[in-house]
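Structure below is run06.cif: mmCIF, C-alpha atoms.
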```
data_target
#
loop_
_atom_site.label_atom_id
_atom_site.label_comp_id
_atom_site.auth_asym_id
_atom_site.auth_seq_id
_atom_site.Cartn_x
_atom_site.Cartn_y
_atom_site.Cartn_z
CA MET A 1497 -26.41 47.13 -9.84
CA GLN A 1498 -28.32 49.05 -12.46
CA HIS A 1499 -26.45 50.96 -15.13
CA VAL A 1500 -28.48 53.85 -16.46
CA PRO A 1501 -26.59 55.50 -19.33
CA VAL A 1502 -28.13 58.94 -19.75
CA THR A 1503 -25.91 60.17 -22.56
CA ASN A 1504 -22.65 59.05 -24.09
CA ASN A 1505 -20.90 61.19 -21.50
CA LEU A 1506 -22.91 60.46 -18.33
CA LEU A 1507 -23.39 57.13 -16.61
CA LYS A 1508 -25.71 56.76 -13.63
CA VAL A 1509 -25.22 53.72 -11.42
CA VAL A 1510 -27.99 52.82 -8.97
CA ASP A 1511 -27.81 50.19 -6.22
CA PHE A 1512 -24.17 49.26 -6.65
CA ARG A 1513 -23.83 46.15 -4.46
CA SER A 1514 -20.12 45.94 -3.89
CA ALA A 1515 -18.54 47.31 -0.73
CA THR A 1516 -15.56 48.65 -2.67
CA ILE A 1517 -15.24 50.84 -5.74
CA ASP A 1518 -11.77 50.45 -7.22
CA THR A 1519 -9.76 49.99 -10.40
CA ARG A 1520 -12.03 47.24 -11.75
CA PHE A 1521 -15.03 49.54 -11.64
CA PHE A 1522 -13.26 52.54 -13.14
CA ASP A 1523 -11.89 50.40 -15.96
CA GLN A 1524 -15.47 49.45 -16.87
CA VAL A 1525 -16.73 53.06 -16.93
CA HIS A 1526 -13.75 54.33 -18.89
CA PRO A 1527 -15.82 55.50 -21.92
CA PHE A 1528 -17.80 57.99 -19.80
CA SER A 1529 -16.66 61.43 -18.68
CA SER A 1530 -19.16 61.69 -15.80
CA VAL A 1531 -20.23 58.97 -13.36
CA GLU A 1532 -22.94 59.21 -10.71
CA ILE A 1533 -23.36 56.46 -8.10
CA SER A 1534 -26.47 56.76 -5.97
CA SER A 1535 -28.69 54.83 -3.55
CA SER A 1536 -25.91 52.29 -2.98
CA GLU A 1537 -25.80 51.40 0.69
CA SER A 1538 -23.31 48.60 0.13
CA VAL A 1539 -20.58 51.05 -0.88
CA LYS A 1540 -18.16 51.75 1.99
CA ARG A 1541 -14.73 52.24 0.39
CA MET A 1542 -13.42 53.83 -2.79
CA THR A 1543 -10.07 54.13 -4.52
CA LEU A 1544 -9.74 56.36 -7.56
CA PRO A 1545 -6.83 55.05 -9.67
CA GLU A 1546 -4.27 57.14 -11.44
CA ASN A 1547 -5.39 55.99 -14.89
CA SER A 1548 -9.07 56.91 -14.46
CA THR A 1549 -10.05 59.47 -17.09
CA ILE A 1550 -13.49 60.49 -15.81
CA ALA A 1551 -13.88 64.23 -15.26
CA SER A 1552 -16.77 64.21 -12.81
CA LEU A 1553 -17.60 61.77 -10.01
CA THR A 1554 -20.66 61.91 -7.74
CA LEU A 1555 -21.46 59.55 -4.87
CA GLU A 1556 -24.84 60.20 -3.27
CA ARG A 1557 -26.66 58.21 -0.59
CA THR A 1558 -23.93 55.64 0.02
CA ARG A 1559 -22.29 54.35 3.22
CA LEU A 1560 -18.86 55.62 2.19
CA VAL A 1561 -16.50 55.88 5.16
CA TRP A 1562 -13.10 55.78 3.41
CA ALA A 1563 -11.77 57.17 0.17
CA HIS A 1564 -8.34 57.29 -1.39
CA PHE A 1565 -7.28 59.18 -4.49
CA GLU A 1566 -4.18 58.28 -6.44
CA GLU A 1567 -2.45 61.06 -8.32
CA ASN A 1568 -4.88 61.95 -11.06
CA PHE A 1569 -4.91 64.75 -13.63
CA TYR A 1570 -8.37 64.12 -15.12
CA LEU A 1571 -10.93 64.47 -12.31
CA GLN A 1572 -12.31 68.02 -12.16
CA GLN A 1573 -15.52 67.61 -10.14
CA LEU A 1574 -15.92 65.51 -6.98
CA HIS A 1575 -19.23 65.41 -5.10
CA ILE A 1576 -19.77 63.21 -2.04
CA ILE A 1577 -23.28 63.71 -0.66
CA ASP A 1578 -25.16 61.97 2.14
CA SER A 1579 -22.59 59.52 3.48
CA PRO A 1580 -21.09 58.84 6.96
CA LEU A 1581 -17.61 59.99 5.86
CA LYS A 1582 -15.96 61.43 8.99
CA ALA A 1583 -13.14 63.49 7.50
CA PRO A 1584 -11.82 64.71 4.15
CA SER A 1585 -9.22 62.33 2.78
CA PRO A 1586 -5.65 63.70 2.88
CA SER A 1587 -5.19 62.13 -0.55
CA LEU A 1588 -7.44 64.82 -2.04
CA ARG A 1589 -4.17 66.63 -2.64
CA ASN A 1590 -3.53 64.17 -5.48
CA LEU A 1591 -6.38 65.57 -7.60
CA LYS A 1592 -4.28 68.12 -9.41
CA HIS A 1593 -6.97 69.61 -11.67
CA LEU A 1594 -9.92 69.64 -9.27
CA LYS A 1595 -12.29 72.57 -9.89
CA GLY A 1596 -15.32 71.63 -7.80
CA LEU A 1597 -15.39 69.89 -4.42
CA THR A 1598 -18.62 69.08 -2.58
CA LEU A 1599 -18.70 67.25 0.75
CA ARG A 1600 -22.31 67.60 1.84
CA LYS A 1601 -24.45 65.84 4.46
CA THR A 1602 -21.56 63.76 5.77
CA GLY A 1603 -20.31 63.02 9.28
CA ILE A 1604 -17.54 65.64 9.10
CA ALA A 1605 -17.40 67.48 12.43
CA SER A 1606 -14.45 69.81 11.89
CA ILE A 1607 -12.14 70.88 9.13
CA ASN A 1608 -8.56 71.85 9.73
CA LEU A 1609 -7.77 73.82 6.63
CA SER A 1610 -4.22 74.24 7.85
CA CYS A 1611 -3.41 70.63 7.10
CA ILE A 1612 -5.28 70.29 3.82
CA ASN A 1613 -4.92 73.82 2.54
CA LEU A 1614 -1.74 75.56 3.52
CA HIS A 1615 0.47 72.76 2.28
CA ASP A 1616 -1.81 70.54 0.24
CA PHE A 1617 -5.04 72.31 -0.62
CA ALA A 1618 -3.12 75.11 -2.29
CA LEU A 1619 -2.25 72.60 -5.00
CA PHE A 1620 -5.86 72.96 -6.23
CA THR A 1621 -4.98 76.00 -8.29
CA LYS A 1622 -8.05 75.48 -10.48
CA LEU A 1623 -10.58 75.07 -7.64
CA LEU A 1624 -13.69 77.19 -8.26
CA ASP A 1625 -16.31 75.74 -5.92
CA PHE A 1626 -15.64 74.65 -2.33
CA ASP A 1627 -18.84 73.24 -0.78
CA VAL A 1628 -18.91 71.54 2.63
CA ALA A 1629 -22.51 72.43 3.44
CA PHE A 1630 -24.82 70.41 5.70
CA ASN A 1631 -22.23 68.56 7.72
CA LYS A 1632 -21.53 68.78 11.45
CA ILE A 1633 -18.67 71.26 11.25
CA ASP A 1634 -18.28 73.31 14.42
CA SER A 1635 -14.82 74.74 13.82
CA ILE A 1636 -12.59 75.77 10.96
CA THR A 1637 -8.94 76.60 11.35
CA GLY A 1638 -6.49 77.79 8.78
CA ARG A 1639 -7.50 79.49 5.55
CA LEU A 1640 -8.18 78.96 1.88
CA ILE A 1641 -5.64 80.53 -0.46
CA ASN A 1642 -7.04 79.29 -3.77
CA VAL A 1643 -7.05 82.43 -5.89
CA ALA A 1644 -9.44 81.02 -8.53
CA LEU A 1645 -12.14 80.22 -5.97
CA SER A 1646 -15.54 81.68 -6.90
CA ARG A 1647 -17.89 80.09 -4.36
CA LEU A 1648 -17.54 79.24 -0.66
CA GLY A 1649 -20.30 77.00 0.72
CA LEU A 1650 -20.41 76.46 4.50
CA ALA A 1651 -24.16 76.47 5.10
CA GLY A 1652 -25.98 74.05 7.38
CA ASN A 1653 -23.23 73.38 9.89
CA ARG A 1654 -22.65 74.21 13.59
CA LEU A 1655 -20.32 77.18 13.30
CA LYS A 1656 -20.61 79.74 16.11
CA SER A 1657 -18.00 82.06 14.66
CA ILE A 1658 -15.66 82.44 11.72
CA ASP A 1659 -12.99 85.06 11.21
CA PHE A 1660 -11.59 85.85 7.76
CA CYS A 1661 -9.01 88.39 8.96
CA HIS A 1662 -6.07 85.99 8.58
CA TRP A 1663 -7.17 84.86 5.11
CA ASN A 1664 -5.49 86.10 1.98
CA GLU A 1665 -7.58 88.32 -0.25
CA LEU A 1666 -9.67 86.18 -2.62
CA ARG A 1667 -10.73 88.49 -5.40
CA ASN A 1668 -12.74 85.99 -7.46
CA VAL A 1669 -15.19 84.85 -4.79
CA SER A 1670 -18.68 85.97 -5.81
CA GLU A 1671 -20.81 83.94 -3.37
CA ILE A 1672 -20.44 83.08 0.31
CA SER A 1673 -23.04 80.96 2.09
CA LEU A 1674 -22.96 80.64 5.87
CA ALA A 1675 -26.70 80.20 6.32
CA LEU A 1676 -28.15 77.76 8.86
CA ASN A 1677 -25.29 77.90 11.36
CA SER A 1678 -25.09 79.39 14.87
CA LEU A 1679 -23.14 82.56 14.15
CA GLY A 1680 -23.57 85.29 16.76
CA ARG A 1681 -22.33 88.08 14.50
CA ILE A 1682 -21.46 88.86 10.92
CA PRO A 1683 -18.01 87.35 10.22
CA ASN A 1684 -15.07 89.67 10.61
CA CYS A 1685 -13.14 90.92 7.58
CA LEU A 1686 -15.54 90.11 4.77
CA TYR A 1687 -13.53 92.70 2.85
CA LYS A 1688 -11.11 89.86 2.12
CA PHE A 1689 -13.63 89.05 -0.63
CA PRO A 1690 -13.72 92.43 -2.41
CA ARG A 1691 -15.81 91.23 -5.36
CA VAL A 1692 -18.38 89.18 -3.48
CA VAL A 1693 -21.87 89.66 -4.94
CA MET A 1694 -24.01 87.47 -2.66
CA VAL A 1695 -23.64 86.80 1.08
CA TYR A 1696 -26.10 84.42 2.75
CA LEU A 1697 -26.27 84.60 6.57
CA GLN A 1698 -29.90 83.70 7.18
CA ALA A 1699 -30.98 81.40 10.02
CA ASN A 1700 -28.14 82.14 12.43
CA GLN A 1701 -28.08 83.81 15.86
CA ILE A 1702 -26.88 87.28 14.79
CA THR A 1703 -28.12 90.03 17.12
CA HIS A 1704 -26.70 93.27 15.68
CA VAL A 1705 -25.75 94.56 12.27
CA ASN A 1706 -23.37 97.45 11.67
CA MET A 1707 -23.63 98.29 8.00
CA ASP A 1708 -20.43 100.32 8.22
CA GLU A 1709 -18.55 97.01 8.39
CA LEU A 1710 -19.90 96.07 4.96
CA VAL A 1711 -19.59 99.34 3.07
CA MET A 1712 -16.22 98.25 1.65
CA LEU A 1713 -17.94 95.45 -0.29
CA LYS A 1714 -18.28 97.48 -3.47
CA SER A 1715 -19.77 94.62 -5.52
CA LEU A 1716 -22.25 93.27 -2.95
CA GLN A 1717 -25.77 93.05 -4.37
CA VAL A 1718 -27.57 90.55 -2.10
CA LEU A 1719 -27.29 90.31 1.70
CA ASN A 1720 -29.58 87.81 3.43
CA LEU A 1721 -29.91 88.27 7.20
CA ALA A 1722 -33.41 86.82 7.57
CA SER A 1723 -34.38 84.58 10.48
CA ASN A 1724 -31.75 85.76 12.94
CA ARG A 1725 -32.13 87.50 16.31
CA ILE A 1726 -31.30 91.00 15.13
CA TYR A 1727 -32.70 93.66 17.46
CA ALA A 1728 -30.66 96.63 16.24
CA THR A 1729 -29.05 97.94 13.08
CA THR A 1730 -26.53 100.74 12.80
CA VAL A 1731 -27.13 102.79 9.66
CA HIS A 1732 -25.39 106.03 8.71
CA ALA A 1733 -25.28 108.07 5.55
CA GLU A 1734 -23.48 106.14 2.81
CA SER A 1735 -23.19 103.08 5.04
CA PHE A 1736 -24.79 100.66 2.60
CA PRO A 1737 -22.59 98.89 0.04
CA PRO A 1738 -23.00 101.00 -3.12
CA LYS A 1739 -24.43 98.22 -5.34
CA LEU A 1740 -26.68 96.58 -2.73
CA VAL A 1741 -30.13 95.91 -4.22
CA GLN A 1742 -31.60 93.28 -1.85
CA LEU A 1743 -31.37 93.23 1.94
CA PHE A 1744 -33.39 90.49 3.66
CA LEU A 1745 -34.30 91.29 7.28
CA TYR A 1746 -37.59 89.49 7.85
CA ASP A 1747 -38.14 87.21 10.84
CA ASN A 1748 -35.89 89.14 13.23
CA CYS A 1749 -36.38 91.11 16.44
CA ILE A 1750 -36.45 94.53 14.79
CA CYS A 1751 -39.72 96.16 15.84
CA LYS A 1752 -39.12 99.57 14.31
CA MET A 1753 -36.78 100.84 11.63
CA VAL A 1754 -36.24 104.52 10.91
CA VAL A 1755 -34.03 105.58 8.02
CA PRO A 1756 -33.89 109.35 7.28
CA ASP A 1757 -34.80 110.30 3.73
CA GLU A 1758 -31.46 111.97 3.09
CA GLN A 1759 -29.74 108.64 3.67
CA LEU A 1760 -31.89 106.90 1.09
CA MET A 1761 -31.26 109.12 -1.91
CA PRO A 1762 -28.14 107.26 -3.17
CA TYR A 1763 -29.90 103.88 -2.87
CA THR A 1764 -32.87 104.14 -5.21
CA ASN A 1765 -32.46 100.48 -6.29
CA LEU A 1766 -32.26 99.05 -2.76
CA THR A 1767 -35.15 96.99 -1.44
CA ILE A 1768 -35.30 95.84 2.17
CA TYR A 1769 -37.39 92.72 2.62
CA LEU A 1770 -39.23 92.90 5.90
CA HIS A 1771 -41.84 90.27 5.12
CA LYS A 1772 -41.34 86.84 3.59
CA MET A 1773 -43.68 87.30 0.67
CA TYR A 1774 -42.83 90.80 -0.54
CA GLY A 1775 -40.37 93.62 -0.24
CA ASN A 1776 -40.73 97.22 0.91
CA VAL A 1777 -38.75 100.05 -0.62
CA LEU A 1778 -36.74 101.82 2.06
CA ASN A 1779 -38.83 104.22 4.11
CA ILE A 1780 -39.99 104.78 7.68
CA MET A 1781 -42.15 101.86 8.68
CA ASP A 1782 -43.27 99.55 11.45
CA ILE A 1783 -42.13 95.98 11.14
CA HIS A 1784 -43.79 92.79 12.29
CA CYS A 1785 -41.29 91.55 14.84
CA LYS A 1786 -40.84 88.35 16.77
CA THR A 1787 -40.11 87.95 20.46
CA CYS A 1788 -36.45 87.13 21.03
#
```
Would you mind writing the file out in structure tokens?
Amino acid sequence: MQHVPVTNNLLKVVDFRSATIDTRFFDQVHPFSSVEISSSESVKRMTLPENSTIASLTLERTRLVWAHFEENFYLQQLHIIDSPLKAPSPSLRNLKHLKGLTLRKTGIASINLSCINLHDFALFTKLLDFDVAFNKIDSITGRLINVALSRLGLAGNRLKSIDFCHWNELRNVSEISLALNSLGRIPNCLYKFPRVVMVYLQANQITHVNMDELVMLKSLQVLNLASNRIYATTVHAESFPPKLVQLFLYDNCICKMVVPDEQLMPYTNLTIYLHKMYGNVLNIMDIHCKTC
């Protein structure tokens, strides 16, 4: 094991050669507020004790398959990246002050938010960032009800659909990423996030866009729909979200786009990106299209 103290607050541990991380380890790193363990293929199990005072814990490129968290009021950031972990630990509920949770590039194939959210996940009243990107998730049931949440990261999974209609309104969410999935349409009821600023839906299987479904998103500024299979868009007067400034549509099946001038007048700041390298201000134009 190599200890690489970066600052008085951050400790980086490389090539940790024990199969288990437990109380003995956390007692040794007690002086640090942040600990990062990386490139440690021996690590398979972890127990975070109640008396650990670290605020941020990152495990990246390990062989972690099991984790348990005792009731802890200090840990605020937990990031598990690139490990074969198959499911979120039910003991996550014991992290009372968690603000950021990342479970990325793991073996997680589905998440039942009903069992970790409705009764347990709701305990994360301070949670700001929920990131389960780049796993193998093909289904999500239940809903998040964490009112402080500001970012929802679900990119790089296997989702074919997601419906937000049964979710509570989450007024603090500013970013939603569902890129690199297999969605066939824009998720229903995005209005449950009335202050969302950025929505990323690129690299899915979306075939049609009805902008009327998005006009209620009064704060939306960026909508990325690039690299889908969109062959048609429905646009009417005043159908764009009022603050939209960037709409990415390149690498789709749209071969012609006609938007009447009278519909463009309220959207002088809106740019539609029809090519990867540059944007075109809204007008009547031919578009380089792909065969779908």
Would you list the contacts of A:Met1712 as a CSV table (one decimal) with C-alpha atoms, in the coordinates of the input, taking every protein, DNA or RNA residue within 12 Å and counting only C-alpha atoms, but skipping same-chain residues closer than 3 positions in sequence?
```csv
chain,number,residue,atom,x,y,z
A,1685,CYS,CA,-13.1,90.9,7.6
A,1686,LEU,CA,-15.5,90.1,4.8
A,1687,TYR,CA,-13.5,92.7,2.8
A,1688,LYS,CA,-11.1,89.9,2.1
A,1689,PHE,CA,-13.6,89.0,-0.6
A,1690,PRO,CA,-13.7,92.4,-2.4
A,1691,ARG,CA,-15.8,91.2,-5.4
A,1692,VAL,CA,-18.4,89.2,-3.5
A,1707,MET,CA,-23.6,98.3,8.0
A,1708,ASP,CA,-20.4,100.3,8.2
A,1709,GLU,CA,-18.6,97.0,8.4
A,1715,SER,CA,-19.8,94.6,-5.5
A,1716,LEU,CA,-22.2,93.3,-3.0
A,1734,GLU,CA,-23.5,106.1,2.8
A,1735,SER,CA,-23.2,103.1,5.0
A,1736,PHE,CA,-24.8,100.7,2.6
A,1737,PRO,CA,-22.6,98.9,0.0
A,1738,PRO,CA,-23.0,101.0,-3.1
A,1739,LYS,CA,-24.4,98.2,-5.3
A,1740,LEU,CA,-26.7,96.6,-2.7
```
**Request:** On this file, the PyMOL selection byres ((chain A and resi 1549-1558) around 7) gives some set of residues; write that set as a ChimeraX atom specification.
**Result:** /A:1526,1528-1537,1539,1547-1548,1559-1560,1570-1579
**Request:** May I ask for the distance between atom CA of A:Ser1673 and atom CA of A:Leu1645, given in Å to one decimal place?
**Result:**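 Computing it gives 13.6 Å between the two atoms.
What the PyMOL selection byres ((chain A and resi 1652-1660) around 6) grabs from this file is Ala1629, Phe1630, Asn1631, Lys1632, Ile1633, Asp1634, Ala1651, Cys1661, His1662, Trp1663, Leu1676, Asn1677, Ser1678, Leu1679, Pro1683, Asn1684 and Cys1685 of chain A.
Closest approach to A:Leu1745 from the set A:His1704, A:Arg1520, A:Arg1513, A:Lys1582 is made by A:His1704, with distances taken over all atoms listed in the file.
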**Request:** Using all atoms listed in the file, find the one residue out of A:Glu1671, A:Thr1543, A:Leu1650, A:Phe1569 that sits nearest to A:Ala1515.
**Result:**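 Closest residue, counting all atoms listed in the file: A:Thr1543.
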**Item:** Between atom CA of A:Leu1640 and atom CA of A:Val1669 - distance in Å to one decimal
**Value:** 11.3 Å
**Asked** Between A:Val1643, A:Ala1583, A:Leu1591, A:Leu1648, which is the closest to A:Ser1606 once you count all atoms listed in the file?
**Response**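 Ranking A:Val1643, A:Ala1583, A:Leu1591, A:Leu1648 by distance to A:Ser1606, first place goes to A:Ala1583.
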**Request:** Just give me the gap between atom CA of A:Thr1637 and atom CA of A:Phe1620 in Å, one decimal is fine.
**Result:**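 Interatomic distance, atom CA of A:Thr1637 to atom CA of A:Phe1620: 18.2 Å.
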**Request:** Within 7 Å of A:Val1561, counting only C-alpha atoms, which residues show up once you throw out same-chain ones fewer than 3 positions away? Write them as a list of chain:residue names, please.
**Result:** A:Lys1540, A:Arg1541, A:Pro1580, A:Leu1581, A:Lys1582
**Request:** Check which residues satisfy the PyMOL selection byres ((chain A and resi 1596) around 9) in the file shown, then give them as a ChimeraX atom specification.
**Result:** /A:1572-1575,1594-1595,1597-1598,1622-1627
**Fill in**
Using all atoms listed in the file, the best pick from A:Leu1544, A:Asp1511, A:Ile1750, A:Ile1607 as closest to A:Ile1636 would be A:Ile1607
